[in-house]
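The data block below is work23.txt; it holds compact mmCIF, C-alpha atoms and all ligand atoms.
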```txt
# COMPACT_ATOMS: atom_id res chain seq x y z
CA MET A 73 0.00 0.00 0.00
CA SER A 74 1.09 3.57 -0.65
CA GLY A 75 -0.74 5.14 2.29
CA GLY A 76 -3.12 7.02 -0.01
CA GLU A 77 -5.65 4.18 -0.18
CA ALA A 78 -7.12 4.63 3.33
CA ARG A 79 -8.55 8.05 2.42
CA TYR A 80 -10.77 6.50 -0.30
CA VAL A 81 -11.74 3.51 1.86
CA GLU A 82 -12.67 5.78 4.78
CA GLU A 83 -14.75 7.92 2.44
CA ALA A 84 -16.68 4.79 1.39
CA PHE A 85 -17.41 4.06 5.06
CA ARG A 86 -18.23 7.69 5.87
CA SER A 87 -20.67 7.99 2.95
CA ASN A 88 -22.06 4.48 3.50
CA TRP A 89 -21.33 3.37 -0.10
CA LEU A 90 -20.57 -0.17 1.13
CA SER A 91 -21.76 -2.05 -1.89
CA THR A 92 -21.01 -2.79 -5.52
CA VAL A 93 -22.04 0.71 -6.53
CA GLY A 94 -20.55 4.03 -5.52
CA PRO A 95 -18.25 6.92 -6.34
CA ASN A 96 -14.97 5.00 -5.83
CA LEU A 97 -16.03 2.44 -8.43
CA ASN A 98 -16.93 5.13 -10.96
CA ALA A 99 -13.69 7.01 -10.34
CA PHE A 100 -11.55 3.84 -10.49
CA GLU A 101 -13.02 2.92 -13.87
CA GLN A 102 -12.65 6.48 -15.10
CA ARG A 103 -8.94 6.63 -14.17
CA ILE A 104 -8.30 3.37 -16.03
CA GLU A 105 -10.26 4.67 -19.01
CA GLU A 106 -8.20 7.87 -19.06
CA ARG A 107 -4.95 5.96 -18.80
CA LEU A 108 -5.72 3.45 -21.54
CA GLY A 109 -8.17 5.37 -23.73
CA LEU A 110 -10.66 2.46 -23.50
CA GLY A 111 -13.94 1.65 -21.80
CA ALA A 112 -13.56 -0.15 -18.45
CA VAL A 113 -15.66 -2.12 -15.99
CA ALA A 114 -14.33 -3.09 -12.55
CA LEU A 115 -14.87 -6.72 -11.56
CA SER A 116 -14.23 -9.04 -8.64
CA SER A 117 -11.20 -10.73 -10.27
CA GLY A 118 -9.09 -10.97 -13.39
CA THR A 119 -10.54 -14.43 -13.95
CA ALA A 120 -14.05 -12.90 -14.03
CA ALA A 121 -12.80 -10.40 -16.62
CA ILE A 122 -11.46 -13.21 -18.81
CA HIS A 123 -14.73 -15.13 -18.42
CA LEU A 124 -16.87 -12.17 -19.46
CA GLY A 125 -14.39 -11.18 -22.18
CA LEU A 126 -14.59 -14.59 -23.80
CA ARG A 127 -18.36 -14.48 -23.65
CA LEU A 128 -18.26 -11.08 -25.38
CA LEU A 129 -16.19 -12.68 -28.15
CA GLY A 130 -19.02 -15.18 -28.61
CA VAL A 131 -17.22 -18.19 -27.12
CA GLY A 132 -19.68 -20.93 -26.21
CA PRO A 133 -20.17 -24.68 -26.00
CA GLY A 134 -18.23 -26.64 -28.60
CA ASP A 135 -15.94 -23.76 -29.61
CA GLU A 136 -12.16 -23.91 -29.59
CA VAL A 137 -9.96 -21.17 -28.15
CA LEU A 138 -6.21 -20.85 -28.72
CA CYS A 139 -4.10 -20.12 -25.65
CA PRO A 140 -0.40 -20.14 -24.82
CA THR A 141 0.56 -23.20 -22.81
CA LEU A 142 2.98 -21.25 -20.61
CA THR A 143 0.64 -19.34 -18.33
CA PHE A 144 -1.36 -19.48 -15.11
CA ALA A 145 -4.48 -21.69 -15.22
CA ALA A 146 -6.76 -18.66 -14.89
CA SER A 147 -5.95 -17.76 -18.53
CA CYS A 148 -7.74 -20.84 -19.85
CA ASN A 149 -10.07 -22.06 -17.07
CA PRO A 150 -12.80 -19.64 -18.25
CA VAL A 151 -12.68 -21.39 -21.65
CA LEU A 152 -13.93 -24.48 -19.81
CA TYR A 153 -16.50 -22.43 -17.83
CA LEU A 154 -18.09 -21.60 -21.20
CA GLY A 155 -18.13 -25.20 -22.41
CA ALA A 156 -15.40 -24.54 -24.98
CA THR A 157 -12.03 -26.27 -25.39
CA PRO A 158 -8.57 -24.71 -25.24
CA VAL A 159 -5.89 -25.51 -27.83
CA PHE A 160 -2.41 -24.81 -26.54
CA LEU A 161 0.48 -23.18 -28.36
CA ASP A 162 4.16 -22.99 -27.42
CA SER A 163 6.20 -19.91 -26.45
CA GLU A 164 8.96 -18.18 -28.36
CA PRO A 165 12.31 -18.02 -26.49
CA SER A 166 12.80 -14.30 -27.21
CA SER A 167 9.88 -13.12 -25.05
CA TRP A 168 8.61 -16.35 -23.39
CA ASN A 169 5.20 -15.39 -24.81
CA LEU A 170 3.05 -16.97 -27.52
CA ASP A 171 5.08 -17.85 -30.63
CA PRO A 172 3.59 -15.78 -33.53
CA ASP A 173 5.14 -18.05 -36.21
CA LEU A 174 3.56 -21.11 -34.63
CA LEU A 175 0.23 -19.26 -34.41
CA GLU A 176 0.39 -18.48 -38.15
CA PHE A 177 1.32 -22.10 -38.92
CA VAL A 178 -1.56 -23.52 -36.87
CA LEU A 179 -4.14 -21.06 -38.22
CA LYS A 180 -3.02 -21.70 -41.81
CA ARG A 181 -3.41 -25.44 -41.38
CA ARG A 182 -6.76 -25.11 -39.62
CA ALA A 183 -8.04 -22.77 -42.35
CA VAL A 184 -7.48 -25.55 -44.89
CA GLN A 185 -9.40 -27.94 -42.61
CA ASN A 186 -12.14 -25.34 -42.04
CA ARG A 187 -11.42 -25.44 -38.29
CA ILE A 188 -10.74 -21.82 -37.41
CA PRO A 189 -10.93 -21.34 -33.62
CA LYS A 190 -13.36 -18.86 -32.16
CA ALA A 191 -10.80 -16.74 -30.32
CA LEU A 192 -7.26 -16.39 -29.03
CA VAL A 193 -6.31 -15.67 -25.44
CA VAL A 194 -2.91 -14.00 -25.60
CA VAL A 195 -1.03 -13.61 -22.31
CA HIS A 196 1.52 -10.91 -21.47
CA LEU A 197 3.68 -13.03 -19.22
CA PHE A 198 5.38 -11.70 -16.08
CA GLY A 199 4.88 -8.09 -17.23
CA GLN A 200 6.05 -8.33 -20.84
CA CYS A 201 3.80 -7.97 -23.87
CA ALA A 202 3.60 -10.69 -26.48
CA ASP A 203 4.62 -9.67 -30.00
CA MET A 204 1.18 -8.29 -30.78
CA ASP A 205 1.71 -6.85 -34.27
CA ALA A 206 2.63 -10.26 -35.67
CA ILE A 207 -0.16 -11.93 -33.68
CA ARG A 208 -2.70 -9.36 -34.87
CA VAL A 209 -1.75 -9.88 -38.53
CA SER A 210 -2.41 -13.63 -38.29
CA CYS A 211 -5.63 -13.21 -36.30
CA ASP A 212 -6.96 -10.59 -38.75
CA ARG A 213 -6.07 -12.81 -41.71
CA TYR A 214 -8.11 -15.72 -40.33
CA GLY A 215 -10.83 -13.75 -38.54
CA VAL A 216 -9.88 -14.73 -34.98
CA SER A 217 -10.80 -12.34 -32.13
CA ILE A 218 -8.20 -11.59 -29.45
CA LEU A 219 -8.60 -11.44 -25.69
CA GLU A 220 -5.52 -10.01 -23.99
CA ASP A 221 -4.84 -11.57 -20.62
CA ALA A 222 -2.96 -8.59 -19.23
CA ALA A 223 -3.43 -9.75 -15.62
CA GLU A 224 0.32 -9.56 -15.03
CA ALA A 225 1.05 -6.61 -17.30
CA LEU A 226 -0.65 -3.42 -16.12
CA GLY A 227 1.84 -0.67 -16.97
CA ALA A 228 3.62 -2.63 -19.72
CA MET A 229 3.97 -1.10 -23.19
CA TYR A 230 4.16 -2.48 -26.72
CA ARG A 231 5.52 -0.17 -29.43
CA GLY A 232 4.25 2.89 -27.55
CA ARG A 233 0.82 1.38 -26.81
CA PRO A 234 -0.29 0.13 -23.38
CA ALA A 235 -0.93 -3.53 -22.63
CA GLY A 236 -4.68 -3.99 -22.66
CA SER A 237 -5.21 -1.80 -25.73
CA LEU A 238 -3.83 -4.28 -28.25
CA GLY A 239 -6.65 -6.82 -28.64
CA ASP A 240 -10.44 -6.75 -28.91
CA VAL A 241 -10.97 -7.03 -25.18
CA ALA A 242 -8.55 -7.29 -22.25
CA ALA A 243 -8.42 -8.37 -18.62
CA PHE A 244 -6.36 -6.97 -15.74
CA SER A 245 -5.98 -8.45 -12.27
CA PHE A 246 -5.69 -6.59 -8.97
CA ASN A 247 -5.01 -9.75 -6.99
CA GLY A 248 -2.78 -9.30 -3.95
CA ASN A 249 0.42 -10.24 -5.74
CA LYS A 250 -0.08 -8.04 -8.82
CA MET A 251 1.58 -4.76 -9.83
CA ILE A 252 -1.15 -2.89 -7.98
CA THR A 253 -3.86 -4.51 -5.90
CA THR A 254 -7.37 -4.07 -4.56
CA THR A 255 -6.66 -7.18 -2.41
CA GLY A 256 -8.71 -9.02 -5.03
CA GLY A 257 -10.24 -7.59 -8.16
CA GLY A 258 -10.04 -7.18 -11.89
CA MET A 259 -10.95 -4.94 -14.80
CA LEU A 260 -12.30 -5.64 -18.25
CA VAL A 261 -11.38 -3.06 -20.88
CA SER A 262 -12.32 -2.65 -24.50
CA ARG A 263 -12.56 -0.08 -27.26
CA ARG A 264 -16.14 -1.31 -27.78
CA ARG A 265 -18.20 0.68 -25.25
CA ASP A 266 -21.26 -1.48 -25.98
CA TRP A 267 -19.24 -4.57 -24.93
CA VAL A 268 -18.14 -2.88 -21.73
CA GLU A 269 -21.76 -2.06 -20.92
CA LYS A 270 -22.75 -5.66 -21.67
CA ALA A 271 -20.05 -6.95 -19.31
CA ARG A 272 -21.25 -4.53 -16.62
CA PHE A 273 -24.80 -5.88 -17.10
CA TRP A 274 -23.68 -9.52 -16.88
CA SER A 275 -21.49 -8.76 -13.84
CA THR A 276 -24.53 -7.65 -11.81
CA GLN A 277 -26.69 -10.74 -12.43
CA ALA A 278 -27.95 -9.45 -15.78
CA ARG A 279 -30.90 -7.71 -14.21
CA ASP A 280 -33.20 -6.20 -16.81
CA SER A 281 -34.13 -2.54 -16.36
CA GLY A 282 -37.20 -1.71 -14.30
CA ILE A 283 -38.00 -2.17 -10.64
CA ALA A 284 -38.91 -5.86 -10.78
CA PHE A 285 -36.23 -8.55 -10.64
CA GLU A 286 -36.50 -9.73 -14.21
CA HIS A 287 -33.85 -11.61 -16.15
CA SER A 288 -33.67 -12.53 -19.80
CA GLU A 289 -29.95 -13.46 -19.83
CA LEU A 290 -27.62 -15.41 -17.58
CA GLY A 291 -25.60 -13.17 -15.26
CA TYR A 292 -22.95 -13.42 -12.54
CA ASN A 293 -22.09 -11.73 -9.27
CA TYR A 294 -18.79 -10.36 -10.59
CA ARG A 295 -18.83 -6.65 -9.67
CA LEU A 296 -16.03 -5.12 -7.58
CA SER A 297 -17.04 -3.50 -4.30
CA ASN A 298 -16.90 0.26 -3.85
CA VAL A 299 -14.63 -0.23 -0.80
CA LEU A 300 -12.05 -2.22 -2.78
CA ALA A 301 -12.27 0.23 -5.68
CA GLY A 302 -11.09 2.83 -3.15
CA ILE A 303 -7.94 0.78 -2.57
CA GLY A 304 -7.52 0.66 -6.34
CA LEU A 305 -7.79 4.44 -6.62
CA GLY A 306 -4.98 4.92 -4.12
CA GLN A 307 -2.90 2.22 -5.81
CA LEU A 308 -3.31 3.74 -9.28
CA GLU A 309 -1.60 6.89 -8.00
CA VAL A 310 1.60 4.88 -7.52
CA LEU A 311 1.36 2.53 -10.53
CA ASP A 312 4.25 4.13 -12.44
CA GLN A 313 6.36 4.19 -9.28
CA ARG A 314 5.60 0.49 -8.75
CA VAL A 315 6.70 -0.30 -12.30
CA ARG A 316 9.97 1.55 -11.72
CA GLU A 317 10.52 -0.27 -8.41
CA ARG A 318 9.92 -3.72 -9.93
CA ARG A 319 12.24 -2.96 -12.84
CA ILE A 320 14.97 -1.71 -10.50
CA ILE A 321 14.81 -4.97 -8.52
CA ALA A 322 15.08 -7.13 -11.67
CA PHE A 323 18.02 -5.15 -13.02
CA ARG A 324 19.74 -5.04 -9.62
CA TYR A 325 19.65 -8.84 -9.55
CA ALA A 326 20.81 -9.03 -13.18
CA GLU A 327 23.72 -6.66 -12.51
CA ALA A 328 24.76 -8.63 -9.42
CA PHE A 329 24.69 -11.90 -11.41
CA ARG A 330 26.59 -10.44 -14.38
CA ASN A 331 29.78 -12.28 -13.50
CA LEU A 332 28.05 -15.56 -12.69
CA LYS A 333 27.76 -18.15 -15.39
CA GLY A 334 24.47 -19.79 -16.30
CA ILE A 335 21.94 -17.36 -14.82
CA THR A 336 20.23 -14.87 -17.12
CA LEU A 337 17.37 -12.41 -16.73
CA MET A 338 14.20 -13.14 -18.71
CA PRO A 339 14.64 -11.54 -22.17
CA GLN A 340 13.57 -7.91 -22.47
CA ALA A 341 12.07 -7.64 -25.95
CA ALA A 342 13.15 -4.48 -27.77
CA TYR A 343 9.57 -3.67 -28.83
CA GLY A 344 8.27 -2.58 -25.45
CA LEU A 345 8.51 -1.84 -21.76
CA HIS A 346 8.71 -4.97 -19.62
CA THR A 347 7.49 -4.13 -16.11
CA ASN A 348 9.31 -7.14 -14.70
CA TRP A 349 6.32 -7.75 -12.47
CA LEU A 350 8.28 -10.82 -11.43
CA SER A 351 12.06 -11.03 -11.60
CA CYS A 352 12.44 -14.22 -13.65
CA PHE A 353 15.76 -15.83 -14.44
CA LEU A 354 16.82 -18.84 -16.46
CA ILE A 355 19.30 -21.31 -14.99
CA ASP A 356 21.68 -23.27 -17.15
CA SER A 357 22.72 -25.84 -14.55
CA GLY A 358 25.73 -27.02 -16.57
CA ARG A 359 27.25 -23.55 -16.26
CA PHE A 360 25.62 -22.35 -13.03
CA GLY A 361 26.75 -25.45 -11.19
CA ILE A 362 23.47 -26.56 -9.58
CA GLU A 363 19.94 -27.26 -10.83
CA ARG A 364 17.11 -24.72 -10.62
CA ASP A 365 15.34 -26.80 -7.96
CA GLN A 366 18.50 -26.95 -5.86
CA LEU A 367 18.65 -23.16 -5.99
CA ILE A 368 15.01 -22.96 -4.86
CA SER A 369 15.86 -25.30 -1.94
CA ARG A 370 18.88 -23.24 -0.93
CA LEU A 371 16.81 -20.05 -0.93
CA ASN A 372 14.02 -21.78 0.96
CA ALA A 373 16.50 -23.01 3.60
CA VAL A 374 17.13 -19.39 4.59
CA ASP A 375 13.46 -18.40 4.40
CA ILE A 376 13.54 -16.83 0.94
CA GLU A 377 10.58 -17.83 -1.18
CA SER A 378 11.15 -18.41 -4.88
CA ARG A 379 9.08 -20.30 -7.43
CA PRO A 380 9.45 -22.10 -10.74
CA VAL A 381 8.08 -20.37 -13.83
CA TRP A 382 4.42 -21.40 -14.56
CA LYS A 383 3.90 -25.08 -15.26
CA PRO A 384 2.69 -25.31 -18.89
CA MET A 385 -0.99 -26.11 -19.34
CA HIS A 386 -0.36 -29.05 -21.71
CA LEU A 387 1.47 -30.77 -18.81
CA GLN A 388 -1.45 -30.30 -16.40
CA LYS A 389 -3.73 -33.25 -15.63
CA LEU A 390 -6.77 -31.02 -16.19
CA TYR A 391 -5.67 -30.22 -19.73
CA GLU A 392 -3.72 -33.30 -20.83
CA GLN A 393 -6.46 -34.34 -23.31
CA CYS A 394 -6.38 -30.98 -25.11
CA GLU A 395 -4.73 -30.43 -28.46
CA SER A 396 -1.39 -28.67 -28.15
CA HIS A 397 1.24 -27.54 -30.63
CA GLY A 398 4.93 -27.58 -29.80
CA GLY A 399 5.67 -27.25 -26.11
CA ARG A 400 9.41 -27.81 -25.94
CA VAL A 401 10.20 -24.13 -25.34
CA ALA A 402 7.61 -23.84 -22.55
CA GLU A 403 8.79 -27.12 -21.01
CA ASP A 404 12.38 -25.88 -21.00
CA LEU A 405 11.38 -22.55 -19.44
CA PHE A 406 9.38 -24.40 -16.80
CA ARG A 407 12.32 -26.70 -16.04
CA ARG A 408 14.94 -23.94 -15.80
CA GLY A 409 13.02 -20.75 -14.98
CA ILE A 410 12.94 -19.26 -11.47
CA CYS A 411 10.96 -16.31 -10.11
CA LEU A 412 12.96 -14.52 -7.43
CA PRO A 413 11.40 -12.29 -4.74
CA SER A 414 10.06 -9.29 -6.64
CA SER A 415 7.77 -7.24 -4.41
CA SER A 416 8.10 -3.50 -4.76
CA ASN A 417 8.42 -3.24 -0.96
CA LEU A 418 11.40 -5.60 -0.83
CA THR A 419 14.09 -3.74 1.10
CA LEU A 420 17.55 -3.23 -0.32
CA GLU A 421 18.82 -5.43 2.49
CA ASP A 422 16.45 -8.23 1.49
CA GLN A 423 17.45 -7.92 -2.15
CA GLU A 424 21.11 -8.17 -1.13
CA ARG A 425 20.34 -11.24 0.93
CA VAL A 426 18.76 -12.90 -2.13
CA ILE A 427 21.77 -11.91 -4.23
CA ARG A 428 24.20 -13.32 -1.66
CA VAL A 429 22.45 -16.70 -1.52
CA VAL A 430 22.37 -16.97 -5.32
CA GLN A 431 26.06 -16.01 -5.54
CA GLU A 432 27.01 -18.53 -2.87
CA ALA A 433 24.97 -21.22 -4.62
CA ALA A 434 26.73 -20.48 -7.89
CA ASN A 435 30.12 -20.55 -6.20
CA SER A 436 29.36 -23.86 -4.50
CA GLY A 437 28.51 -25.28 -7.91
CA ALA A 438 31.56 -23.65 -9.47
CA HIS A 439 33.87 -26.17 -7.75
CA LYS A 440 32.06 -28.99 -9.51
CA GLN A 441 32.19 -27.02 -12.74
CA ALA A 442 35.93 -26.42 -12.44
CA TYR A 443 36.44 -30.11 -11.82
CA ALA A 444 34.31 -30.98 -14.85
CA ASP A 445 36.23 -28.51 -17.03
CA PHE A 446 39.50 -30.02 -15.82
CA ALA A 447 38.29 -33.58 -16.26
CA VAL A 448 37.25 -33.27 -19.91
CA PRO A 449 40.72 -32.68 -21.47
CA SER A 450 42.31 -35.42 -19.35
CA ARG A 451 39.73 -37.88 -20.63
CA VAL A 452 40.28 -36.70 -24.21
C1 LIG B 501 -1.79 -14.73 -16.37
C2 LIG B 501 -2.89 -14.58 -15.38
N1 LIG B 501 -4.15 -14.61 -15.81
C3 LIG B 501 -5.18 -14.47 -14.98
C4 LIG B 501 -4.99 -14.29 -13.63
C5 LIG B 501 -6.22 -14.24 -12.75
O1 LIG B 501 -6.38 -13.08 -12.05
P1 LIG B 501 -7.21 -13.11 -10.66
O2 LIG B 501 -6.39 -13.79 -9.64
O3 LIG B 501 -7.47 -11.66 -10.37
O4 LIG B 501 -8.49 -13.84 -10.94
C6 LIG B 501 -3.69 -14.25 -13.12
C7 LIG B 501 -3.35 -14.06 -11.70
O5 LIG B 501 -3.89 -14.39 -10.74
C8 LIG B 501 -2.61 -14.42 -14.02
O6 LIG B 501 -1.35 -14.43 -13.57
```
Translate the structure of the given file into structure tokens.
Ligand SMILES: Cc1ncc(COP(=O)(O)O)c(C=O)c1O
Amino acid sequence: MSGGEARYVEEAFRSNWLSTVGPNLNAFEQRIEERLGLGAVALSSGTAAIHLGLRLLGVGPGDEVLCPTLTFAASCNPVLYLGATPVFLDSEPSSWNLDPDLLEFVLKRRAVQNRIPKALVVVHLFGQCADMDAIRVSCDRYGVSILEDAAEALGAMYRGRPAGSLGDVAAFSFNGNKMITTTGGGMLVSRRRDWVEKARFWSTQARDSGIAFEHSELGYNYRLSNVLAGIGLGQLEVLDQRVRERRIIAFRYAEAFRNLKGITLMPQAAYGLHTNWLSCFLIDSGRFGIERDQLISRLNAVDIESRPVWKPMHLQKLYEQCESHGGRVAEDLFRRGICLPSSSNLTLEDQERVIRVVQEAANSGAHKQAYADFAVPSRV
């Protein structure tokens, strides 16, 4: 928290707007609209935004939806909520996001078979946009609508345009671990104001106008509360500062590891601004000296939490029956990728502690490496 949030929350209590309507909600949506130049509706989670977004794109029972395999399950679970089926695509190594060449290949083949999917969920992973121009060209060519899962990428940019403004509809998350938070919440944004209004209608149980409780469509209880929107208003004031703080942490780690072998920061694609929501690194155990999981254990042993990169969806039991294309890149990133502590409130001291443990781990492995280097010529 920045400290500014309490003012808005207290105002909600003082004015008794303790519901899913109220001035904080209106203002929160308005600020997002001003920032992105799009219509916005505040929801109870990013997952809800993806669910409603897919429904806006017309996804329903029997449809297929393309989705990157390397992501969090919330990107594709709403596909199942709607009775549709996800089809998974691999990542490209240069951004870790959806591979545009593979997308083109799959769409071209499916066009011949008359099996064009209903939509694409594209994910901006860990705060970095996917290569949207290339993705857009393929989707336009084959008439596939795009939902941007920008849950992890508020504040990221792609060729001068903000994440969330690059597809037909987009979802943000304000979950507790995100760039900014409402403790739990999300936002659906779109250029299509009529879609935003439709999502707002669905999010409040699709109640028809008039005083009676009449319903002609299926709705959900997905609206954000006015109290939580107040937290969001305070958080939005520090969004750019939070982006700077997260980037500083990632680059501080990268600079400290510059002389270590086999540990590299997630690629920073030249086309945009990567917020580095999470500081992700790739371990080459042959050069680093120990495996990624051994590094996680060493950090854990001194109370430092780190995590593997997302487990690809095509490897999940829930999704093992689904069609998937490629997967080697995502599998490799999952096997070798590590997310280091990344919170914007991480003290310098804590960051240095993380750095020290990683350096010590690398040095402990370096003995083995030196031995291996020495052993090879003698065997030759
Ligand atoms: C890529 C991605 N998509 C969707 C979500 C879902 O957002 P929420 O937790 O607000 O439902 C998250 C994070 O939780 C995420 O990381």
Among the residues A:Gln393, A:Asn88, A:Asn96, A:Gln200, the one that comes closest to Cys352 (chain A) [using all atoms listed in the file] |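 Closest to Cys352 (chain A) of all the choices is A:Gln200.
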To one decimal place, how far is CA of Ile362 (chain A) from CA of Leu197 (chain A) in Å?
->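 For CA of Ile362 (chain A) relative to CA of Leu197 (chain A), the distance reads 25.8 Å.
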Pick from A:Ser237, A:Ser245, A:Ser396, A:Ser74 nearest to ligand LIG 501 (chain B), counting all atoms listed in the file |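 Under the stated criterion, the closest residue is A:Ser245.
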How close does chain A get to ligand LIG 501 (chain B)? List, as a Markdown table, each residue of chain A within 8 Å, its nearest atom pair and the distance in Å to one decimal, counting all atoms listed in the file.
```
| residue | atom | partner | partner_atom | distance |
| --- | --- | --- | --- | --- |
| A:Ser116 | CA | B:LIG501 | O3 | 7.5 |
| A:Ser117 | CA | B:LIG501 | O3 | 3.8 |
| A:Gly118 | CA | B:LIG501 | O3 | 3.5 |
| A:Thr119 | CA | B:LIG501 | O4 | 3.7 |
| A:Ala120 | CA | B:LIG501 | O4 | 6.4 |
| A:Ala121 | CA | B:LIG501 | O4 | 7.9 |
| A:Ile122 | CA | B:LIG501 | C3 | 7.5 |
| A:Thr143 | CA | B:LIG501 | C1 | 5.6 |
| A:Phe144 | CA | B:LIG501 | C1 | 4.9 |
| A:Ala145 | CA | B:LIG501 | N1 | 7.1 |
| A:Ala146 | CA | B:LIG501 | C3 | 4.5 |
| A:Ser147 | CA | B:LIG501 | N1 | 4.5 |
| A:Val195 | CA | B:LIG501 | C1 | 6.1 |
| A:His196 | CA | B:LIG501 | C1 | 7.2 |
| A:Leu197 | CA | B:LIG501 | C1 | 6.4 |
| A:Phe198 | CA | B:LIG501 | O6 | 7.7 |
| A:Asp221 | CA | B:LIG501 | N1 | 5.7 |
| A:Ala222 | CA | B:LIG501 | C1 | 6.9 |
| A:Ala223 | CA | B:LIG501 | C2 | 4.9 |
| A:Glu224 | CA | B:LIG501 | O6 | 5.4 |
| A:Ala243 | CA | B:LIG501 | C3 | 7.8 |
| A:Phe244 | CA | B:LIG501 | O1 | 7.1 |
| A:Ser245 | CA | B:LIG501 | O3 | 4.0 |
| A:Phe246 | CA | B:LIG501 | O3 | 5.6 |
| A:Asn247 | CA | B:LIG501 | O3 | 4.6 |
| A:Asn249 | CA | B:LIG501 | O5 | 7.8 |
| A:Lys250 | CA | B:LIG501 | C7 | 7.4 |
| A:Gly256 | CA | B:LIG501 | O3 | 6.1 |
| A:Gly257 | CA | B:LIG501 | O3 | 5.4 |
| A:Gly258 | CA | B:LIG501 | O3 | 5.4 |
```
When you draw a straight line from CA of Gln388 (chain A) to CA of Asp404 (chain A), how long is it in Å?
->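 CA of Gln388 (chain A) sits 15.2 Å away from CA of Asp404 (chain A).
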Could you pull the residues within 7 Å of Ala191 (chain A), counting only C-alpha atoms, minus those fewer than 6 positions along the same chain, as a ChimeraX atom specification?
-> /A:137-138,216-218
Residue among A:Leu367, A:Leu179, A:Ala202, A:Ala114 lying closest to Gly344 (chain A), counting all atoms listed in the file | A:Ala202
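Coordinates place CA of Gly282 (chain A) at a distance of 21.9 Å from CA of Trp89 (chain A).
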Write out as a PyMOL selection string each polymer residue whose atoms come within 9 Å of Phe85 (chain A), counting only C-alpha atoms; drop sequence neighbours fewer than 5 positions from it.
-> chain A and resi 80+90+299
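Residues with at least one atom no more than 9 Å from (-7.5, -29.9, -29.2), using only C-alpha atoms, are Glu136, Thr157, Pro158, Val159, Phe160, Gln393, Cys394, Glu395 and Ser396 of chain A.
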Looking at A:Ile321, A:Ala228, A:Leu170, A:Cys211, which one is nearest to Ile188 (chain A), with distances taken over only C-alpha atoms?
->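 When distances to Ile188 (chain A) are compared using only C-alpha atoms, the smallest one comes from A:Cys211.
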Output as AutoDock Vina command-line options the centre and edge lengths (Å, one decimal) of the box along x, y and z of the file that holds every listed atom of region 423-436 of chain A after adding 3 Å on each side.
```
--center_x 23.8 --center_y -15.9 --center_z -3.5 --size_x 18.7 --size_y 21.9 --size_z 14.8
```
Find the residues near Gly302 (chain A): any atom within 12 Å, counting only C-alpha atoms, skip ones fewer than 5 places away on the same chain, and give them as a tab-separated table (two decimals) with C-alpha atoms, in the frame of the given file.
```tsv
chain	number	residue	atom	x	y	z
A	73	MET	CA	0.00	0.00	0.00
A	75	GLY	CA	-0.74	5.14	2.29
A	76	GLY	CA	-3.12	7.02	-0.01
A	77	GLU	CA	-5.65	4.18	-0.18
A	78	ALA	CA	-7.12	4.63	3.33
A	79	ARG	CA	-8.55	8.05	2.42
A	80	TYR	CA	-10.77	6.50	-0.30
A	81	VAL	CA	-11.74	3.51	1.86
A	82	GLU	CA	-12.67	5.78	4.78
A	83	GLU	CA	-14.75	7.92	2.44
A	84	ALA	CA	-16.68	4.79	1.39
A	85	PHE	CA	-17.41	4.06	5.06
A	89	TRP	CA	-21.33	3.37	-0.10
A	90	LEU	CA	-20.57	-0.17	1.13
A	91	SER	CA	-21.76	-2.05	-1.89
A	92	THR	CA	-21.01	-2.79	-5.52
A	93	VAL	CA	-22.04	0.71	-6.53
A	94	GLY	CA	-20.55	4.03	-5.52
A	95	PRO	CA	-18.25	6.92	-6.34
A	96	ASN	CA	-14.97	5.00	-5.83
A	97	LEU	CA	-16.03	2.44	-8.43
A	98	ASN	CA	-16.93	5.13	-10.96
A	99	ALA	CA	-13.69	7.01	-10.34
A	100	PHE	CA	-11.55	3.84	-10.49
A	101	GLU	CA	-13.02	2.92	-13.87
A	103	ARG	CA	-8.94	6.63	-14.17
A	114	ALA	CA	-14.33	-3.09	-12.55
A	253	THR	CA	-3.86	-4.51	-5.90
A	254	THR	CA	-7.37	-4.07	-4.56
A	255	THR	CA	-6.66	-7.18	-2.41
A	257	GLY	CA	-10.24	-7.59	-8.16
A	296	LEU	CA	-16.03	-5.12	-7.58
A	297	SER	CA	-17.04	-3.50	-4.30
A	307	GLN	CA	-2.90	2.22	-5.81
A	308	LEU	CA	-3.31	3.74	-9.28
A	309	GLU	CA	-1.60	6.89	-8.00
```
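Proximity to Leu142 (chain A) was assessed for A:His123, A:Pro165, A:Lys270, A:Ala328 counting only C-alpha atoms; the smallest distance is recorded for A:Pro165.
If you measure from each of A:Leu337, A:Leu390, A:Leu332, A:Leu161 to Arg319 (chain A) using only C-alpha atoms, the closest one turns out to be A:Leu337.
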Just give me the residues with any atom within 12 Å of (18.4, -10.3, 0.7), file coordinates, counting all atoms listed in the file, written as a PyMOL selection string.
-> chain A and resi 321+324-325+371+374-377+412-414+418-431
Non-local contacts of Asp280 (chain A) (12 Å; all atoms listed in the file; under 6 positions in same chain excluded) as a ChimeraX atom specification = /A:270,273-274,286-291
If you count all atoms listed in the file, which residues fall within 10 Å of Leu345 (chain A), apart from same-chain ones fewer than 2 positions away, as number ranges by chain?
-> A: 199-201, 225, 227-235, 315, 319, 340-343, 347-348
